Amino acid sequence: MTGSRRRAEGGAGIDRSRSLSFSFDGRRFSGYAGDTLASALLASGVRVVGRSFKYHRPRGVYTAGPEEPNALVALRRGARHEPNTRATMIELYDGLEAVSQNRWPSLRLDLMGINDRLSALIPAGFYYKTFMWPPKAWMAYERWIRRAAGLGTAPEGRDPDRYEHRHAHCDVLVVGGGPAGLMAALAAGRAGLRVILCDERAGLGGSLLRETHAVGGESGAEWTRSTLAELAAMPTVAILPRTTAAGLFDHGTATLVERIADHLPEPPPFLPRQRRWTVRARRTLLATGAIERPLVFAGNDRPGVMLASAMRAYANQYGVLPGSRTVVFANNDAGYRTALDLAAAGVVVAAVVDSRDAAASPIAERVRARGIEVLAGHVVRAAHGRFGVMSVDAAPLGRTEAKRSIVCDSLAVSGGLNPTAHLHCHAGGKLEWDERRLCFVPLRGRADVECIGAARGLFSLAECLWDGARAGTDALGALRGAKAAKAGIPAVEEEPERPPQALWAVPGRGKKRFVDIQDDVTAADVGLAAREGYVSVEHLKRYTTLGMGTDQGKTANVNGLALLAGHRREAIPSVGTTTFRPPYTPVTIGALVGRETGLHFMPIRRTAMHEWHEEHGAVMIETGLWMRPRCYPRPGETPAQAVEREATHVRKTVGLVDVSTLGKIDVQGPDATEFLQRVYANNWASLAVGKARYGIMLREDGIVFDDGTTSRIGECRYFMTTTTANAAAVLLHLEHLLQVVWPELRVQVTSETEQWAAMALAGPRSRTVLARAIEGVDVSDKALPFMGVGFGRIAGAPVRAFRISFSGELAYEINAPADYGRAVWEALLAVGSSDGIAPYGTEAMGVLRIEKGHVAGPEIDGRTTAEDLGLGRLVSARKPDFIGKHLMGRPGLIDPKRLRLVGLVPVDGKTRIRAGSQIALETAPATAAKGLGHVTSTAFSPELGHPIALALLRGGLQRKSETLHALFPLDGSAVAVRVADPVFVDPEGARLRA
Amino acid sequence: MPERRSPLVECRRPGLHGASPAGGPGIEIGEIAPLSAVQVAAFDEEKAAAALGAAIGIAAPRQQNSTAVDGETAVLWTGPARWLVVEREKRDLGELLARHCTPEIAAVTDLSHARTAIRIEGRAVRTLLSKLCTLDLDRAAFPQGCSAQTVMGHIGILLHCRAEACFDLFVYRGFAVSAWETIVDAALEFGCQIR
């Protein structure tokens with residue numbers, strides 16, 4: 001095991017009493033509780049942690065936060081393997097296993113490193129130019145490119161962990177627990193507002209933990225601890241550590257991702273690994289801080305080059321020295337603060353290179369007073385050392401000849417700060433270029449979203465504390481109209497800083513100067529794109545891949561577009577920025593999906609007889625969310641054989657099918673009859689109580705909407721049925737008409753679909769079975785004729801018996817209150833056993849209805865009229881008005897050349913006709929102009945012993961007996977068919993009236 | 001009359017499920033069965049409210065999303081001039097209400113078999129429900145006596161806060177098993193006692 005070679009004194013963020021062991025690329029290391037993987041690796045002297053995306057250059061830890069472009073590692077093994085995690089954000093835990101990525105065979109010896117030497121051959125966009133010919137070869141090239149470039153690999157097993165969702169509401173959502181966020185939460189919480197405070201790190205405090213400023217006489221960490229204790233005691237404040245605000249949307253909706261168990265080897269039992277929160281906040285305060293910009297110079301990606309803010313964080317928070325001899329290079333005063341912090345931690349600071357001209361500055365004097373050389377007006381032109389910085393070249397800005405080499409093993413860089421305005425932009429906010437602070441700052445946009453502190457360009461600690469307190473107080477005023485007592489703002493000692501200097505790239509030739517370190521985009525690539533005409537910032541991004549990595553260019557974008565502005569000879573604001581889109585940092589798919597996986601992807605609707613079907617071997621089929629029995633194969637039977645047997649059985653004896661999924665609507669009220677007159681195309685005035693009628697409903701445009709049987713079960717009450725598919729749509733249609741179009745009608749409609757278990761008892765012996773099963777109903781043809789309704793009891797349960805038929809046989813539809821459904825179903829089967837009753841499924845039901853020529857979904861397809869379907873005679877000519885009446889007479893809908901319902905049989909008497917086939921005069925493929933129609937429903941008819949089909953055919957039954965061709969262009973097959981009447985079985989209707 | 005068969009009869013497994021926190025299970029779940037649930041949809045709100053009061057002795061709530069409770073019987077406001085009367089089955093509630101609310105003043109629809117009632121209680125109940133639906137379930141925002149129609153995932157539900165830490169949840173019968181499984185799964189982390 002390798003110990004902590006680079007651990008200094010201090011480091012308030014780690015617990016030296018708790019040592020943790022972990023591995024990286026198979027080597028064992030140790031760190032402390034409170035470490036990140038990055039800080040522990042640095043403490044162990046590991047400098048190279050990955051290979052770069054395109055050139056496979058060795059790379060080290062570059063930042064200490066979510067913006068990390070380099071230190072992407074894969075965690076865990078097997079199904080829990082997780083690629084591309086940022087080592088800077090991974091909390092160390094005992095037993096953590098991490099491996100590096102994008103290298104073969106090893107991090108030290110990566111054979112694809114040859115790409116770095118060949119870089120002249122593979123500039124930005126090379127694959128657009130190089131691999132375009134021959135066209136088909138792209139598939140091969142792509143595979144090679146994907147192998148050569150890229151990051152981690154996806155896990156292969158199914159993720160074993162839980163992911164969950166949670167919803168929350170609050171007055172104020174504070175994103176970011178740094179000084180501004182803490183003060184805002186404190187002000188809002190003290191006023192009694194409901195506050196959610198989230199922070200992406202394990203410990204809240206932000207820069208207070210990473211910098212050395214005293215706050216109100218305490219250290220930043222101490223002040224943070226006491227502030228969090230006060231917040232935690234407030235009943236209306238919720239604190240969410242390890243929680244990233246990934247996106248901000250309309251109406252104050254934010255998506256947070258809480259990492260509950262990512263810092264543990266495995267999630268605790270019953271707890272999710274991650275939880276996605278949907279927060280609805282009345283006000284959102286974005287205290288998201290700022291991200292430091294790198295500086296662009298030759299070799300600025302070498303291991304050992306690191307953001308200055310990160311070096312301070314490693315030294316101050318983790319007690320880790322990223323090097324022993326460091327040069328600091330900056331265009332702003334952060335360089336001096338870094339030098340002082342590093343020197344205090346025990347690092348030898350070889351020099352501070354400040355691109356700005358020398359000027360009297362107290363902090364520079366203090367640096368000099370510590371014996372550190374200050375090179376004002378200088379830049380670092382290059383960093384050297386393939387596997388780690390060994391020296392840097394410093395020179396006066398603009399003068400290359402006076403180059404001076406400084407030996408060092410690390411280099412801190414600071415190019416100024418960018419406010420972290422991602423979420424602000426998700427919410428539609430705009431940015432404005434600030435010429436003095438040299439960054440884009442958010443413009444106040446939506447009233448309910450506000451950036452505070454460093455996120456709006458207030459970079460000093462005192463300003464952040466003040467702005468947070470102000471924003472929390474403002475929130476109270478806006479939400480409650482109340483004025484809060486002025487929050488006490490702790491005192492801070494800070495000195496004013498000189499403004500930064502614009503330094504977008506140190507001039508240089510030849511060596512690679514990286515703009516986007518993760519995507520290996522160099523300053524030369526930006527220039528190339530500009531020369532080739534990709535002068536829009538969005539084109540630049542897509543051509544060079546600038547900002548397209550997993551870090552989305554958090555450190556790269558502003559430098560890139562500033563360089564583009566230079567090439568265009570325009571000001572930075574006129575070039576603009578690319579669009580920030582959610583998520584802020586990568587989100588695992590599991591967190592988005594939550595528990596909606598596997599069988600819980602969608603809920604399942606079950607009928608009252610569902611378990612019976614399953615217990616009796618039914619093959620189930622999804623119908624929308626419903627599960628229905630498709631057929632009940634017996635041992636040795638295929639489903640097709642079962643369907644044929646079941647259909648035959650109904651025609652010969654008697655069968656029972658579950659039709660509970662049909663839509664059922666209770667229509668009640670003094671004006672119920674008038675209402676039906678208006679919503680159905682046929683006549684309802686004359687229907688007596690205790691009678692059923694087939695109804696056809698049109699849309700306003702005259703096209704058939706739905707059909708079903710509706711029964712009058714009381715003077716003011718009807719029981720309407722709809723198709724399974726349209727149950728909700730019909731109810732919505734009726735509610736709309738009642739609420740909006742005819743509010744004067746006293747009618748109420750209520751879905752009763754779930755109230756009634758429904759089953760159809762069909763076949764020549766159905767009356768015999770029903771007679772024995774039902775009490776209180778005379779089932780003789782006289783007493784209960786076709787379209788009659790009876791009320792009685794089966795197995796003691798109250799039932800309704802409707803003498804209606806979908807199969808064309810003598811049949812009854814029995815409805816029982818759902819909790820009795822199974823008892824009634826089983827009673828009918830028991831009573832009917834002597835008559836050979838058997839259950840049948842939806843597929844046999846479909847066969848029977850096709851034999852009978854009854855239309856269903858494939859025919860009522862939203863394009864057909866009642867006339868097209870052979871139902872024209874039902875449409876009332878006498879009713880003054882009904883939905884669809886006025887438009888059903890449009891010329892296009894009464895054109896005699898329209899497609900009309902017909903039956904088809906194969907000429908050879910045996911070839912199956914496939915649903916969806918095109919109908920044509922010849923066997924040559926039909927064109928739209930020559931096509932005569934299409935096949936809608938097909939079946940093998942057990943009754944007739946050959947295949948049959950229903951079709952919509954131009955000219956309809958005028959073509960009866962003609963021979964046509966059913967073409968199936970997908971496989972080029974053709975079947976010669978003869979046009980027949982669509983009612984193949986019992987056209988006179990003798991059976992159902994038996 | 002045969003015994004009513006709840007859709008949950010095969011998936012409801014009484015006992016302690018999931019975590020075993022020190023303070024005992026944070027959630028207790030049971031079904032209210034057999035259920036009576038009858039909708040009264042008025043054509044004349046005043047008369048219907050009076051008739052409803054005469055039938056069961058509870059003043060029908062008139063504010064949106066409000067309820068009126070007397071023992072096990074609750075009247076839930078589910079829409080303008082529309083109520084759902086619920087109780088554990090003890091009488092022919094549908095017949096009783098239809099007798100008082102004549103067709104001229106209201107439509108009475110028996111939905112006793114169309115709904116499944118699940119009672120969820122315990123110290124974690126609001127947290128549990130916040131995993132399942134989008135409503136603001138803070139004690140101040142959704143106090144005792146409040147009800148709402150919303151969705152739980154893809155399932156429409158009617159939620160009634162009976163007490164600070166006790167909610168009744170009504171789902172369409174066909175969704176009952178899926179809803180039950182979802183609720184129990186979400187409750188495992190708190191420790192879930194199923195009655």
# chains A, B, ... in the order shown; residues from 1 in each chain; ligands from 1

call {"tool": "select_by_dssp", "arguments": {"residues": "range 12-84 of chain B", "states": "alpha helix (DSSP H)", "output": "short mmCIF file (atom, residue, chain, number, x, y, z; two decimals) with C-alpha atoms, in the first residue's frame"}}
result
data_model
loop_
_atom_site.label_atom_id
_atom_site.label_comp_id
_atom_site.auth_asym_id
_atom_site.auth_seq_id
_atom_site.Cartn_x
_atom_site.Cartn_y
_atom_site.Cartn_z
CA GLU B 45 -76.84 21.52 -5.61
CA GLU B 46 -78.87 22.96 -2.73
CA LYS B 47 -81.53 20.28 -2.78
CA ALA B 48 -79.02 17.52 -3.34
CA ALA B 49 -76.92 18.67 -0.39
CA ALA B 50 -80.02 18.75 1.77
CA ALA B 51 -81.10 15.29 0.58
CA LEU B 52 -77.63 13.93 1.21
CA GLY B 53 -77.69 15.39 4.70
CA ALA B 54 -81.10 13.88 5.34
CA ALA B 55 -79.91 10.48 4.12
CA ILE B 56 -76.70 10.11 6.11
#

call {"tool": "interface_residues", "arguments": {"of": "chain B", "to": "chain A", "cutoff": "7 Å", "atoms": "only C-alpha atoms", "output": "VMD selection string"}}
result
chain B and resid 1 to 2 4 to 7 18 to 19 41 43 103 to 104 107 111 113 to 114 130 to 131 134 136 154 172 to 175 178 188 to 189

call {"tool": "residues_around", "arguments": {"residues": "Leu20 in chain A", "least_positions_apart": "2", "cutoff": "9 Å", "atoms": "only C-alpha atoms", "output": "ChimeraX atom specification"}}
result
/A:18,22,29-33,92-96

call {"tool": "residues_around", "arguments": {"residues": "range 205-213 of chain A", "least_positions_apart": "3", "cutoff": "10 Å", "atoms": "only C-alpha atoms", "output": "NGL selection string"}}
result
:A and (11-13 or 64 or 176-182 or 199-202 or 216-225 or 227-228 or 287-290 or 309-318 or 337-338 or 341 or 461 or 492-494)

call {"tool": "atom_distance", "arguments": {"atom1": "CA of Val619 in chain A", "atom2": "CA of Cys631 in chain A"}}
result
5.6 Å

call {"tool": "atom_distance", "arguments": {"atom1": "CA of Ala232 in chain A", "atom2": "CA of Ala187 in chain A"}}
result
13.6 Å

call {"tool": "residues_around", "arguments": {"residues": "range 846-856 of chain A", "least_positions_apart": "6", "cutoff": "10 Å", "atoms": "only C-alpha atoms", "output": "VMD selection string"}}
result
chain A and resid 630 643 to 644 646 to 648 650 to 651 706 to 707 723 805 to 809 869 to 871 901 to 903 936 to 944 947 to 950 981 to 987 989

call {"tool": "write_last_selection", "arguments": {"atoms": "C-alpha atoms", "output": "CSV table (one decimal), in the first residue's frame"}}
result
chain,number,residue,atom,x,y,z
A,630,ARG,CA,-56.0,-14.1,-25.7
A,643,VAL,CA,-58.2,-20.1,-31.0
A,644,GLU,CA,-59.7,-22.4,-33.7
A,646,GLU,CA,-62.5,-22.0,-29.0
A,647,ALA,CA,-64.3,-20.3,-31.9
A,648,THR,CA,-65.7,-23.6,-33.1
A,650,VAL,CA,-68.9,-21.1,-29.5
A,651,ARG,CA,-70.6,-21.8,-32.8
A,706,ASP,CA,-67.2,4.8,-31.8
A,707,ASP,CA,-70.0,2.2,-31.5
A,723,THR,CA,-65.2,0.0,-27.3
A,805,SER,CA,-74.3,-10.6,-29.6
A,806,PHE,CA,-70.9,-9.8,-31.0
A,807,SER,CA,-70.3,-13.3,-32.2
A,808,GLY,CA,-73.5,-13.7,-34.2
A,809,GLU,CA,-74.7,-16.5,-32.0
A,869,LEU,CA,-69.1,0.5,-42.9
A,870,GLY,CA,-72.5,-0.7,-44.1
A,871,LEU,CA,-74.2,1.1,-41.3
A,901,LEU,CA,-66.7,-2.5,-46.3
A,902,VAL,CA,-66.6,-5.9,-48.1
A,903,GLY,CA,-65.5,-9.5,-47.4
A,936,THR,CA,-58.5,-4.4,-42.5
A,937,SER,CA,-59.1,-7.7,-40.6
A,938,THR,CA,-58.2,-11.3,-41.4
A,939,ALA,CA,-58.9,-14.7,-39.8
A,940,PHE,CA,-59.0,-18.3,-40.6
A,941,SER,CA,-62.7,-19.1,-40.4
A,942,PRO,CA,-63.3,-22.4,-38.6
A,943,GLU,CA,-67.0,-22.2,-39.6
A,944,LEU,CA,-66.1,-22.0,-43.3
A,947,PRO,CA,-59.3,-17.9,-44.6
A,948,ILE,CA,-61.5,-14.8,-44.7
A,949,ALA,CA,-60.9,-11.1,-44.5
A,950,LEU,CA,-62.7,-7.8,-44.2
A,981,ASP,CA,-70.5,-10.2,-48.6
A,982,PRO,CA,-68.8,-9.1,-45.3
A,983,VAL,CA,-71.3,-11.2,-43.3
A,984,PHE,CA,-69.9,-14.7,-43.8
A,985,VAL,CA,-72.0,-16.4,-41.1
A,986,ASP,CA,-75.7,-16.4,-40.7
A,987,PRO,CA,-76.5,-13.3,-42.8
A,989,GLY,CA,-79.4,-13.2,-38.2

call {"tool": "select_by_dssp", "arguments": {"residues": "range 177-324 of chain A", "states": "strand (DSSP E)", "output": "JSON, numbers by chain"}}
result
{"A": [195, 196, 197, 198, 214, 215, 218, 219, 237, 238, 239, 240, 243, 244, 245, 246, 247, 248, 253, 254, 255, 256, 257, 258, 259, 274, 275, 276, 277, 278, 279, 280, 281, 282, 283, 284, 285, 286, 290, 291, 292, 305, 306, 307]}

call {"tool": "write_last_selection", "arguments": {"atoms": "C-alpha atoms", "output": "short mmCIF file (atom, residue, chain, number, x, y, z; two decimals), in the first residue's frame"}}
result
data_model
loop_
_atom_site.label_atom_id
_atom_site.label_comp_id
_atom_site.auth_asym_id
_atom_site.auth_seq_id
_atom_site.Cartn_x
_atom_site.Cartn_y
_atom_site.Cartn_z
CA VAL A 195 -36.56 26.41 2.31
CA ILE A 196 -34.74 23.65 0.49
CA LEU A 197 -30.98 24.12 0.44
CA CYS A 198 -29.05 21.74 -1.78
CA ALA A 214 -12.01 34.25 8.64
CA VAL A 215 -15.75 34.86 8.91
CA GLU A 218 -14.14 32.12 13.14
CA SER A 219 -12.62 30.01 10.42
CA VAL A 237 -35.66 24.14 6.28
CA ALA A 238 -34.49 21.00 4.50
CA ILE A 239 -30.80 20.57 3.76
CA LEU A 240 -29.85 18.24 0.92
CA THR A 243 -27.60 16.84 -4.33
CA THR A 244 -27.03 18.40 -7.74
CA ALA A 245 -29.57 20.73 -9.30
CA ALA A 246 -29.42 19.27 -12.78
CA GLY A 247 -32.03 21.40 -14.49
CA LEU A 248 -34.29 24.37 -13.94
CA THR A 253 -39.68 23.40 -11.30
CA ALA A 254 -36.19 22.10 -10.64
CA THR A 255 -34.74 18.64 -11.07
CA LEU A 256 -32.36 17.66 -8.29
CA VAL A 257 -30.39 14.45 -8.18
CA GLU A 258 -29.50 13.29 -4.68
CA ARG A 259 -26.69 10.76 -4.45
CA GLN A 274 -29.89 8.00 -6.15
CA ARG A 275 -33.10 9.94 -5.80
CA ARG A 276 -34.42 12.36 -8.35
CA TRP A 277 -36.28 15.24 -6.76
CA THR A 278 -38.78 17.34 -8.61
CA VAL A 279 -38.93 20.55 -6.62
CA ARG A 280 -41.57 23.16 -7.22
CA ALA A 281 -40.31 26.37 -5.69
CA ARG A 282 -41.96 29.75 -5.57
CA ARG A 283 -38.54 31.35 -5.74
CA THR A 284 -35.19 29.90 -6.76
CA LEU A 285 -31.93 31.40 -5.62
CA LEU A 286 -28.93 30.22 -7.58
CA ALA A 290 -18.07 30.54 -10.10
CA ILE A 291 -15.68 28.33 -12.04
CA GLU A 292 -12.12 29.36 -12.70
CA VAL A 305 -0.90 21.86 -14.28
CA MET A 306 -3.92 22.68 -12.18
CA LEU A 307 -6.40 25.48 -11.61
#

call {"tool": "closest_residue", "arguments": {"among": "A:Gly884, A:Pro241, A:Pro69, A:Gly445", "to": "His263 in chain A", "atoms": "only C-alpha atoms"}}
result
A:Pro241

call {"tool": "residues_around", "arguments": {"residues": "Val69 in chain B", "least_positions_apart": "6", "cutoff": "8 Å", "atoms": "only C-alpha atoms", "output": "PyMOL selection string"}}
result
chain B and resi 58+75+145

call {"tool": "residues_around", "arguments": {"residues": "Ser119 in chain A", "least_positions_apart": "5", "cutoff": "10 Å", "atoms": "only C-alpha atoms", "output": "count of residues only"}}
result
5

call {"tool": "atom_distance", "arguments": {"atom1": "CA of Ala447 in chain A", "atom2": "CA of Gly192 in chain A"}}
result
21.0 Å

call {"tool": "closest_residue", "arguments": {"among": "A:Glu450, A:Asp25, A:Glu922, A:Glu463", "to": "Ala491 in chain A", "atoms": "only C-alpha atoms"}}
result
A:Glu463
